[in-house]
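Contents: one structure, followed by commentary.
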Amino acid sequence: MRRLADTVWPCDDFAAALRDPSRGQPANVTAAGGKATAKRFNVYRNNVAYSLGEALAANFPAVRALCGAERFAEAARLHIAEEPPTSPILFEYGHGFAGFLDRFPPARQQMPWLADVARLERAWLDAYHAADREPLSGEEIAAVPPEQLENLRLDPHPAFALVRSPFAVLDLFHAGRSGRPQTADPHGAHDLLVTRPALDVLVTKLRSGQFALLKSLASGGSLGEAAAAAFDEAEDFDLAAAMTVLLSSGAFSAIRLALPTD
Amino acid sequence: MTSDLKSRPHDGALFPEHPVAGLAGASFKPQHLAAILDDPSPGVFFEVHAENYMGAGGPPHAALTRIRRDHALSLHGVCMSIGGQNPIDRDHLDRFAFLVARYQPALVSEHLAWSTHGDIYYNDLLPLPYTAATLARVCEHIDQVQEAISRPIMLENPSTYVLFEESEYAETDFIAEIVRRTGCALLLDVNNVFVSATNHGFSATDYLGAYPLEHVREIHLAGHDRQEDDEGSPLLIDSHDRPVADPVWALYDMVIRQCGPIPTLVEWDADIPDWPVLKAEAAAAQAILDHHAHNFMIGKRHAAIS
């Protein structure tokens, strides 16, 4: 066997060749009996491409169902080339996929709502793996003296996420995930709250003003500030109904600060 | 996420110790949870890929907690990139150590392979040349992992499709030297031996003859696919998507006859069948273990008498 002077590791060449089929096989790769290495090296190339495509498909099943396996594979291939995973935890992969679909011409032109479905699926998966925590209970809120309610601040539950779309993304999400993509109708705007109060992920359709309320609370606003933001957004905002949604969905996990601020 | 993992209080209670000696097991797949709970299979151990349980919470941990209560667990890392040029990813090692501490697995293993290079994770078990330099690096990485989890790991032999010009060790010598330097144990993947032997035209029994079998603490069995290389010769792919092949069962039988009943895990990771199919594969391994356990005991007794 020929000694390559000072060859420490072939990962650079090997890795570059995995990503770029036009490069052929790395120079130091061989096969017993002087056999050719093209098909052999391609096993690795195919494993990498196929398994990363499958990982993205596993994270975005509705997107895949809605656009079809073939078109999804093409989008996945381009996205993986542009933004390959940097972590071995593949359920974390694809945080940039919705942004990619925003820019990807076929999706933007033919399915302008697809990127928002990806946003919802990403939020769903983050909620699925989020830390387990007891949601805030009605009793805890009820124990706050009424005069302090305005100053109430809440910690978002680890699974909490909001998704806003000018399309009916929750209907699209359900159509994609239930295997009936042809029933999908994108018409209608959706404000959505993603939570996981126990083991099941919940996606709740929000009514007017509720998105503004939850967004303000989640970013540290007091209940007073959040309610003002909600009334700004929707004159018909119903605070009592919003509090019911907030509690039943498990959007928040704890009262952070209920002290008067004067 | 790591800090979340660490700060998260968990049940506190220790899991019961379930012995793994002489047992066969199967990959645990979440879609089998209900079937496994409906049809309790005492004496089966389960193996999970560590990375699938590196989220902070949710259904994966609930399922694994449930399984771990009734069964011995094998924690199998698939992407530590021990054979890689990069230093071990500290965050990844912390997450791995956290899982070891939380689930108290009977068996802990990783691969002689790399999967991350630069900033990119390739999601495949990639091969390395066997040189003095790579040997030193692999041993350094194993030392680091074993220190982080305060116990030895078992290192799994790879299945490969290519060789490297600069390799200066036979794979078996390379592995034996890793064991000598790091004190790690071995996970012998019999299917990988068969796949590599076919792909590189060597004898699987010769390989096993040179392999440090005395350090094997777990065995893997799995199915493989058959393709062709550029010359039209068989090129076997370690696909984990079908039953274990007959020649692999035969090699396995030979290993168990020689070594005694080593815990054996049937892997199935793609085109996953219903639980009874996987359970039957594990039962087939258990039958071989039981058969030789009996002979092995008799052999030992004879040796003691004579």
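Order determines the names: the first chain of the structure tokens is A, the second B, and so forth; residues in each chain are numbered 1 upward, and ligands are numbered 1 upward as they are shown.
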
Residues near Val201 (chain A), anyone? I mean within 8 Å using only C-alpha atoms, not counting same-chain ones fewer than 3 positions away, as number ranges by chain. A: 124, 127-128, 194-198

Can you spit out the residues from that selection as a PDB file, in the first residue's frame, using N, CA and C atoms?
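The resulting out-v2.pdb:
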ATOM      1  N   TRP A 124     -45.267  22.799  15.079  1.00  0.00           N
ATOM      2  CA  TRP A 124     -45.889  21.589  15.625  1.00  0.00           C
ATOM      3  C   TRP A 124     -44.806  20.644  16.164  1.00  0.00           C
ATOM      4  N   ALA A 127     -43.142  21.898  19.273  1.00  0.00           N
ATOM      5  CA  ALA A 127     -44.027  21.690  20.418  1.00  0.00           C
ATOM      6  C   ALA A 127     -43.996  20.222  20.861  1.00  0.00           C
ATOM      7  N   TYR A 128     -43.956  19.309  19.889  1.00  0.00           N
ATOM      8  CA  TYR A 128     -43.938  17.872  20.162  1.00  0.00           C
ATOM      9  C   TYR A 128     -42.742  17.496  21.045  1.00  0.00           C
ATOM     10  N   VAL A 194     -50.117  27.204  18.814  1.00  0.00           N
ATOM     11  CA  VAL A 194     -49.642  25.826  18.943  1.00  0.00           C
ATOM     12  C   VAL A 194     -49.209  25.605  20.390  1.00  0.00           C
ATOM     13  N   THR A 195     -49.744  24.568  21.016  1.00  0.00           N
ATOM     14  CA  THR A 195     -49.401  24.266  22.415  1.00  0.00           C
ATOM     15  C   THR A 195     -49.320  22.750  22.619  1.00  0.00           C
ATOM     16  N   ARG A 196     -48.785  22.357  23.759  1.00  0.00           N
ATOM     17  CA  ARG A 196     -48.809  20.935  24.123  1.00  0.00           C
ATOM     18  C   ARG A 196     -48.984  20.823  25.630  1.00  0.00           C
ATOM     19  N   PRO A 197     -50.240  20.950  26.095  1.00  0.00           N
ATOM     20  CA  PRO A 197     -50.476  20.954  27.548  1.00  0.00           C
ATOM     21  C   PRO A 197     -50.106  19.627  28.209  1.00  0.00           C
ATOM     22  N   ALA A 198     -50.220  18.513  27.480  1.00  0.00           N
ATOM     23  CA  ALA A 198     -49.787  17.212  28.036  1.00  0.00           C
ATOM     24  C   ALA A 198     -48.938  16.535  26.965  1.00  0.00           C
TER      25      ALA A 198
END

Restrict the calculation to only C-alpha atoms, then for each residue of chain A with any atom at most 8 Å from an atom of chain B give the closest atom pair and their distance in Å to one decimal, rows by chain and rising residue number, as a Markdown table.
| residue | atom | partner | partner_atom | distance |
| --- | --- | --- | --- | --- |
| A:Met1 | CA | B:Glu165 | CA | 6.4 |
| A:Arg2 | CA | B:Glu166 | CA | 6.4 |
| A:Arg3 | CA | B:Glu166 | CA | 5.6 |
| A:Leu4 | CA | B:Glu166 | CA | 6.3 |
| A:Thr7 | CA | B:Glu166 | CA | 7.8 |
| A:Val8 | CA | B:Ala133 | CA | 6.0 |
| A:Trp9 | CA | B:Gln85 | CA | 6.7 |
| A:Pro10 | CA | B:Leu128 | CA | 7.6 |
| A:Cys11 | CA | B:Gln85 | CA | 6.8 |
| A:Asp12 | CA | B:His117 | CA | 7.6 |
| A:Ala15 | CA | B:His117 | CA | 7.0 |
| A:Asn28 | CA | B:Glu165 | CA | 5.2 |
| A:Val29 | CA | B:Phe164 | CA | 4.7 |
| A:Thr30 | CA | B:Leu163 | CA | 5.0 |
| A:Ala31 | CA | B:Leu163 | CA | 5.4 |
| A:Ala32 | CA | B:His200 | CA | 5.5 |
| A:Lys35 | CA | B:Glu231 | CA | 7.3 |
| A:Ala36 | CA | B:Asp230 | CA | 6.0 |
| A:Thr37 | CA | B:Val162 | CA | 7.0 |
| A:Ala38 | CA | B:Asp230 | CA | 6.9 |
| A:Lys39 | CA | B:Asp229 | CA | 5.6 |
| A:Arg40 | CA | B:Tyr161 | CA | 5.4 |
| A:Phe41 | CA | B:Val162 | CA | 6.7 |
| A:Val43 | CA | B:Tyr161 | CA | 7.4 |
| A:Tyr44 | CA | B:Leu126 | CA | 7.4 |
| A:Asn47 | CA | B:Asp124 | CA | 6.5 |
| A:Val48 | CA | B:Tyr122 | CA | 5.8 |
| A:Ser51 | CA | B:Asn123 | CA | 6.7 |
| A:Leu52 | CA | B:Asn123 | CA | 6.7 |
| A:Pro84 | CA | B:Ile120 | CA | 6.3 |
| A:Pro85 | CA | B:Tyr121 | CA | 5.5 |
| A:Thr86 | CA | B:Ile120 | CA | 4.7 |
| A:Ser87 | CA | B:Tyr121 | CA | 6.0 |
| A:Pro88 | CA | B:Tyr121 | CA | 5.8 |
| A:Ile89 | CA | B:Glu51 | CA | 5.8 |
| A:Phe91 | CA | B:Asn52 | CA | 7.9 |
| A:Tyr128 | CA | B:Gly58 | CA | 5.6 |
| A:His129 | CA | B:Gly58 | CA | 5.0 |
| A:Ala130 | CA | B:Gly57 | CA | 5.3 |
| A:Ala131 | CA | B:Gly57 | CA | 4.2 |
| A:Asp132 | CA | B:Gly57 | CA | 5.2 |
| A:Ala198 | CA | B:Gly58 | CA | 7.9 |
| A:Leu199 | CA | B:Pro59 | CA | 5.7 |
| A:Asp200 | CA | B:Pro59 | CA | 7.9 |

In terms of only C-alpha atoms, the residue from B:Pro158, B:Pro152, B:Pro212, B:Gly77 at minimal distance from Thr172 (chain B) is B:Pro212

- Item | Long-range neighbours of region 17-21 of chain A as a VMD selection string, 8 Å cut-off, only C-alpha atoms, 4 positions minimum in chain | chain A and resid 13 25 to 26 44 to 45 48 81

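Rounded to one decimal, CA of Leu114 (chain A) and CA of Phe97 (chain A) lie 10.5 Å from each other.
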
Taking the DSSP secondary structure from the backbone, can you list the residues of region 76-176 of chain A that are helix (DSSP H, G or I), as a PyMOL selection string? chain A and resi 76-82+90-92+97-103+105-110+114-129+138-142+146-151+169-176

Find the residues near Glu218 (chain B): any atom within 9 Å, counting only C-alpha atoms, skip ones fewer than 2 places away on the same chain, and give them as a PyMOL selection string. chain B and resi 107+109+154+185-189+216+220+262-265

Write a file of the just-selected residues containing N, CA and C atoms, as a compact mmCIF listing (two decimals), in the first residue's frame.
# COMPACT_ATOMS: atom_id res chain seq x y z
N LEU B 107 -26.86 -1.38 28.30
CA LEU B 107 -25.84 -1.40 27.26
C LEU B 107 -25.74 -0.02 26.62
N SER B 109 -23.63 1.97 23.35
CA SER B 109 -22.73 1.70 22.22
C SER B 109 -22.67 2.88 21.24
N MET B 154 -19.47 0.28 24.10
CA MET B 154 -19.18 -0.81 23.17
C MET B 154 -19.06 -0.16 21.80
N ALA B 185 -15.46 -1.88 25.24
CA ALA B 185 -15.92 -3.22 24.86
C ALA B 185 -16.38 -3.14 23.40
N LEU B 186 -16.91 -4.26 22.91
CA LEU B 186 -17.29 -4.29 21.49
C LEU B 186 -18.73 -4.72 21.28
N LEU B 187 -19.34 -4.10 20.29
CA LEU B 187 -20.63 -4.54 19.78
C LEU B 187 -20.30 -5.16 18.43
N LEU B 188 -20.47 -6.46 18.33
CA LEU B 188 -20.17 -7.15 17.08
C LEU B 188 -21.43 -7.19 16.21
N ASP B 189 -21.40 -6.46 15.10
CA ASP B 189 -22.51 -6.54 14.17
C ASP B 189 -22.20 -7.61 13.14
N VAL B 216 -16.56 -8.86 23.21
CA VAL B 216 -17.91 -8.56 22.70
C VAL B 216 -18.93 -8.67 23.83
N HIS B 220 -25.24 -7.43 17.11
CA HIS B 220 -26.30 -6.91 16.25
C HIS B 220 -26.54 -7.85 15.07
N ILE B 262 -24.34 -14.15 24.22
CA ILE B 262 -24.11 -12.70 24.31
C ILE B 262 -25.40 -11.98 23.93
N PRO B 263 -25.83 -10.96 24.72
CA PRO B 263 -27.06 -10.24 24.38
C PRO B 263 -27.08 -9.85 22.90
N THR B 264 -28.20 -10.12 22.25
CA THR B 264 -28.28 -9.98 20.80
C THR B 264 -29.50 -9.16 20.39
N LEU B 265 -29.26 -8.19 19.54
CA LEU B 265 -30.30 -7.24 19.17
C LEU B 265 -30.57 -7.33 17.67

Neighbours of region 136-147 of chain A within 12 Å (only C-alpha atoms; same-chain residues fewer than 3 positions away dropped), as a compact mmCIF listing (two decimals) with N, CA, C and O atoms, in the first residue's frame?
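part.txt written:
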# COMPACT_ATOMS: atom_id res chain seq x y z
N ARG A 133 -44.05 20.48 30.87
CA ARG A 133 -44.32 21.39 32.00
C ARG A 133 -45.82 21.48 32.22
O ARG A 133 -46.59 21.48 31.27
N GLU A 150 -54.08 43.53 36.01
CA GLU A 150 -53.56 44.34 34.91
C GLU A 150 -52.04 44.18 34.78
O GLU A 150 -51.49 44.28 33.69
N ASN A 151 -51.39 43.94 35.91
CA ASN A 151 -49.93 43.83 35.91
C ASN A 151 -49.42 42.39 35.77
O ASN A 151 -48.22 42.15 35.84
N LEU A 152 -50.36 41.50 35.62
CA LEU A 152 -50.00 40.09 35.53
C LEU A 152 -49.10 39.83 34.32
O LEU A 152 -49.37 40.28 33.21
N ARG A 153 -48.02 39.09 34.55
CA ARG A 153 -47.16 38.66 33.42
C ARG A 153 -47.01 37.14 33.49
O ARG A 153 -46.99 36.58 34.58
N LEU A 154 -46.92 36.54 32.33
CA LEU A 154 -46.95 35.08 32.27
C LEU A 154 -45.74 34.52 31.52
O LEU A 154 -45.26 35.13 30.56
N ASP A 155 -45.29 33.35 31.96
CA ASP A 155 -44.22 32.64 31.23
C ASP A 155 -44.84 31.75 30.17
O ASP A 155 -45.67 30.89 30.50
N PRO A 156 -44.44 31.93 28.91
CA PRO A 156 -44.98 31.02 27.89
C PRO A 156 -44.55 29.59 28.19
O PRO A 156 -43.43 29.34 28.67
N HIS A 157 -45.45 28.65 27.94
CA HIS A 157 -45.11 27.23 28.05
C HIS A 157 -44.04 26.90 27.02
O HIS A 157 -44.00 27.51 25.95
N PRO A 158 -43.13 25.95 27.31
CA PRO A 158 -42.07 25.63 26.35
C PRO A 158 -42.59 25.25 24.95
O PRO A 158 -41.87 25.43 23.97
N PRO A 197 -50.24 20.95 26.10
CA PRO A 197 -50.48 20.95 27.55
C PRO A 197 -50.11 19.63 28.21
O PRO A 197 -49.72 19.62 29.37
N ALA A 198 -50.22 18.51 27.48
CA ALA A 198 -49.79 17.21 28.04
C ALA A 198 -48.94 16.54 26.97
O ALA A 198 -47.88 17.02 26.63
N LEU A 223 -50.67 41.84 31.30
CA LEU A 223 -52.02 41.56 30.78
C LEU A 223 -52.68 42.86 30.32
O LEU A 223 -53.38 42.87 29.30
N GLY A 224 -52.42 43.95 31.02
CA GLY A 224 -52.98 45.26 30.63
C GLY A 224 -52.47 45.67 29.26
O GLY A 224 -53.25 46.06 28.38
N MET A 243 -59.18 34.68 27.62
CA MET A 243 -58.60 34.05 28.82
C MET A 243 -58.96 32.57 28.88
O MET A 243 -58.16 31.73 29.31
N THR A 244 -60.15 32.24 28.43
CA THR A 244 -60.56 30.83 28.39
C THR A 244 -59.65 30.04 27.43
O THR A 244 -59.17 28.95 27.76
N VAL A 245 -59.39 30.62 26.26
CA VAL A 245 -58.51 29.96 25.30
C VAL A 245 -57.11 29.81 25.88
O VAL A 245 -56.48 28.74 25.81
N LEU A 246 -56.65 30.89 26.49
CA LEU A 246 -55.29 30.91 27.07
C LEU A 246 -55.11 29.78 28.08
O LEU A 246 -54.10 29.07 28.08
N LEU A 247 -56.15 29.59 28.91
CA LEU A 247 -56.04 28.56 29.96
C LEU A 247 -56.27 27.16 29.40
O LEU A 247 -55.51 26.23 29.72
N SER A 248 -57.27 26.99 28.56
CA SER A 248 -57.59 25.63 28.09
C SER A 248 -56.52 25.08 27.15
O SER A 248 -56.32 23.88 27.05
N SER A 249 -55.79 25.98 26.47
CA SER A 249 -54.78 25.51 25.52
C SER A 249 -53.45 25.19 26.20
O SER A 249 -52.59 24.56 25.61
N GLY A 250 -53.26 25.68 27.43
CA GLY A 250 -51.96 25.49 28.08
C GLY A 250 -50.87 26.35 27.48
O GLY A 250 -49.72 25.96 27.41
N ALA A 251 -51.24 27.55 27.05
CA ALA A 251 -50.28 28.43 26.37
C ALA A 251 -49.19 28.93 27.32
O ALA A 251 -48.07 29.20 26.89
N PHE A 252 -49.53 29.06 28.59
CA PHE A 252 -48.57 29.61 29.55
C PHE A 252 -48.36 28.62 30.69
O PHE A 252 -49.21 27.77 30.96
N SER A 253 -47.19 28.74 31.33
CA SER A 253 -46.89 27.75 32.36
C SER A 253 -46.83 28.34 33.76
O SER A 253 -46.95 27.60 34.73
N ALA A 254 -46.64 29.64 33.89
CA ALA A 254 -46.51 30.19 35.24
C ALA A 254 -46.77 31.68 35.24
O ALA A 254 -46.63 32.35 34.22
N ILE A 255 -47.13 32.16 36.41
CA ILE A 255 -47.25 33.60 36.63
C ILE A 255 -45.85 34.11 36.98
O ILE A 255 -45.19 33.57 37.87
N ARG A 256 -45.41 35.08 36.21
CA ARG A 256 -44.05 35.55 36.43
C ARG A 256 -44.02 36.69 37.43
O ARG A 256 -43.16 36.78 38.28
N LEU A 257 -44.97 37.58 37.29
CA LEU A 257 -44.88 38.80 38.08
C LEU A 257 -46.29 39.32 38.25
O LEU A 257 -46.96 39.61 37.27
N ALA A 258 -46.74 39.40 39.48
CA ALA A 258 -48.07 39.94 39.69
C ALA A 258 -48.01 41.11 40.67
O ALA A 258 -48.94 41.40 41.37
N LEU A 259 -46.84 41.74 40.70
CA LEU A 259 -46.68 42.83 41.66
C LEU A 259 -47.17 44.14 41.08
O LEU A 259 -47.00 44.39 39.89
N PRO A 260 -47.78 44.97 41.91
CA PRO A 260 -48.14 46.30 41.42
C PRO A 260 -46.86 47.06 41.07
O PRO A 260 -45.85 46.90 41.75
N THR A 261 -46.88 47.84 40.04
CA THR A 261 -45.66 48.48 39.58
C THR A 261 -45.57 49.94 39.99
O THR A 261 -44.63 50.61 39.65

With a distance cut-off of 10 Å and only C-alpha atoms, select the neighbouring residues of Gln182 (chain A), excluding the residue or stretch itself and same-chain residues fewer than 4 positions from it, and output the selection as a ChimeraX atom specification.
/A:65-66,172,175-176

Practice task
Please provide as a ChimeraX atom specification all residues within 10 Å of region 62-64 of chain A, with the sequence filter that same-chain residues fewer than 3 positions apart are discarded (counting only C-alpha atoms).
Solution key: /A:56-59,67-73,75-76,98,113-121,172-181

Please write the residues from the selection above to a file, keeping N, CA, C and O atoms, as a short mmCIF file (atom, residue, chain, number, x, y, z; two decimals), in the first residue's frame.
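Full text of result-v5.cif as output:
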data_model
loop_
_atom_site.label_atom_id
_atom_site.label_comp_id
_atom_site.auth_asym_id
_atom_site.auth_seq_id
_atom_site.Cartn_x
_atom_site.Cartn_y
_atom_site.Cartn_z
N LEU A 56 -36.20 15.35 6.12
CA LEU A 56 -37.00 16.54 5.88
C LEU A 56 -38.46 16.15 5.65
O LEU A 56 -39.38 16.80 6.15
N ALA A 57 -38.67 15.08 4.92
CA ALA A 57 -40.04 14.61 4.66
C ALA A 57 -40.73 14.20 5.96
O ALA A 57 -41.92 14.45 6.15
N ALA A 58 -39.97 13.59 6.87
CA ALA A 58 -40.56 13.18 8.15
C ALA A 58 -40.97 14.40 8.97
O ALA A 58 -41.95 14.35 9.71
N ASN A 59 -40.23 15.50 8.82
CA ASN A 59 -40.55 16.70 9.59
C ASN A 59 -41.68 17.52 8.97
O ASN A 59 -42.31 18.30 9.65
N CYS A 67 -47.73 19.01 -1.88
CA CYS A 67 -47.07 19.34 -3.15
C CYS A 67 -46.71 18.08 -3.94
O CYS A 67 -46.30 18.17 -5.10
N GLY A 68 -46.86 16.92 -3.34
CA GLY A 68 -46.55 15.67 -4.05
C GLY A 68 -45.12 15.25 -3.80
O GLY A 68 -44.23 16.09 -3.63
N ALA A 69 -44.89 13.92 -3.76
CA ALA A 69 -43.59 13.38 -3.37
C ALA A 69 -42.47 13.86 -4.30
O ALA A 69 -41.37 14.19 -3.85
N GLU A 70 -42.77 13.94 -5.60
CA GLU A 70 -41.73 14.28 -6.56
C GLU A 70 -41.27 15.73 -6.40
O GLU A 70 -40.07 16.02 -6.37
N ARG A 71 -42.26 16.63 -6.31
CA ARG A 71 -41.90 18.04 -6.17
C ARG A 71 -41.25 18.30 -4.81
O ARG A 71 -40.35 19.13 -4.69
N PHE A 72 -41.72 17.55 -3.80
CA PHE A 72 -41.09 17.71 -2.49
C PHE A 72 -39.63 17.28 -2.55
O PHE A 72 -38.75 17.96 -2.00
N ALA A 73 -39.36 16.17 -3.21
CA ALA A 73 -37.98 15.67 -3.28
C ALA A 73 -37.07 16.68 -3.97
O ALA A 73 -35.92 16.89 -3.54
N ALA A 75 -37.55 20.03 -4.08
CA ALA A 75 -37.37 21.15 -3.14
C ALA A 75 -36.40 20.75 -2.03
O ALA A 75 -35.52 21.52 -1.65
N ALA A 76 -36.56 19.52 -1.53
CA ALA A 76 -35.70 19.05 -0.44
C ALA A 76 -34.24 18.99 -0.90
O ALA A 76 -33.33 19.42 -0.18
N ALA A 98 -39.19 26.77 5.60
CA ALA A 98 -40.29 27.67 5.22
C ALA A 98 -39.73 28.87 4.46
O ALA A 98 -40.29 29.29 3.44
N TRP A 113 -49.10 29.39 -0.39
CA TRP A 113 -49.43 29.08 1.00
C TRP A 113 -48.53 27.99 1.59
O TRP A 113 -48.55 27.72 2.78
N LEU A 114 -47.73 27.34 0.72
CA LEU A 114 -46.98 26.15 1.17
C LEU A 114 -45.97 26.50 2.28
O LEU A 114 -45.79 25.73 3.23
N ALA A 115 -45.33 27.66 2.16
CA ALA A 115 -44.33 28.05 3.16
C ALA A 115 -44.98 28.18 4.55
O ALA A 115 -44.37 27.81 5.56
N ASP A 116 -46.22 28.70 4.57
CA ASP A 116 -46.87 28.85 5.88
C ASP A 116 -47.28 27.49 6.46
O ASP A 116 -47.29 27.30 7.68
N VAL A 117 -47.60 26.54 5.61
CA VAL A 117 -47.86 25.18 6.11
C VAL A 117 -46.57 24.63 6.73
O VAL A 117 -46.60 24.00 7.80
N ALA A 118 -45.44 24.91 6.07
CA ALA A 118 -44.15 24.47 6.63
C ALA A 118 -43.89 25.14 7.98
O ALA A 118 -43.38 24.52 8.91
N ARG A 119 -44.25 26.43 8.08
CA ARG A 119 -44.07 27.13 9.37
C ARG A 119 -44.89 26.45 10.46
O ARG A 119 -44.42 26.24 11.58
N LEU A 120 -46.13 26.09 10.13
CA LEU A 120 -46.98 25.43 11.12
C LEU A 120 -46.42 24.05 11.47
O LEU A 120 -46.39 23.66 12.65
N GLU A 121 -45.94 23.31 10.49
CA GLU A 121 -45.41 21.97 10.78
C GLU A 121 -44.14 22.06 11.64
O GLU A 121 -43.89 21.21 12.50
N LEU A 172 -55.21 23.31 5.48
CA LEU A 172 -54.22 22.70 4.59
C LEU A 172 -53.41 21.65 5.35
O LEU A 172 -53.13 20.55 4.84
N PHE A 173 -53.02 21.99 6.55
CA PHE A 173 -52.25 21.09 7.43
C PHE A 173 -53.02 19.79 7.66
O PHE A 173 -52.49 18.69 7.48
N HIS A 174 -54.31 19.92 8.01
CA HIS A 174 -55.12 18.71 8.26
C HIS A 174 -55.31 17.91 6.97
O HIS A 174 -55.24 16.68 6.99
N ALA A 175 -55.56 18.61 5.87
CA ALA A 175 -55.76 17.91 4.59
C ALA A 175 -54.50 17.13 4.23
O ALA A 175 -54.57 15.97 3.82
N GLY A 176 -53.33 17.76 4.41
CA GLY A 176 -52.07 17.10 4.09
C GLY A 176 -51.80 15.92 4.99
O GLY A 176 -51.43 14.84 4.54
N ARG A 177 -52.01 16.11 6.28
CA ARG A 177 -51.66 15.04 7.23
C ARG A 177 -52.68 13.91 7.25
O ARG A 177 -52.36 12.82 7.72
N SER A 178 -53.90 14.16 6.78
CA SER A 178 -54.89 13.08 6.82
C SER A 178 -54.91 12.33 5.49
O SER A 178 -55.77 11.48 5.27
N GLY A 179 -53.98 12.66 4.59
CA GLY A 179 -53.91 11.94 3.33
C GLY A 179 -55.00 12.34 2.34
O GLY A 179 -55.34 11.58 1.44
N ARG A 180 -55.58 13.54 2.52
CA ARG A 180 -56.59 14.02 1.55
C ARG A 180 -56.17 15.39 1.02
O ARG A 180 -56.91 16.37 1.16
N PRO A 181 -54.98 15.46 0.41
CA PRO A 181 -54.46 16.78 -0.01
C PRO A 181 -55.36 17.46 -1.03
O PRO A 181 -55.38 18.68 -1.12
#

note - CA of Ile82 (chain B) and CA of Val138 (chain B) are separated by 5.8 Å

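Counting only C-alpha atoms, the residue from B:Ala204, B:Ala250, B:Ala26, B:Leu289 that sits nearest to His71 (chain B) is B:Ala26.
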
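Between CA of Ser27 (chain B) and CA of Glu267 (chain B) the interatomic distance comes to 5.2 Å.
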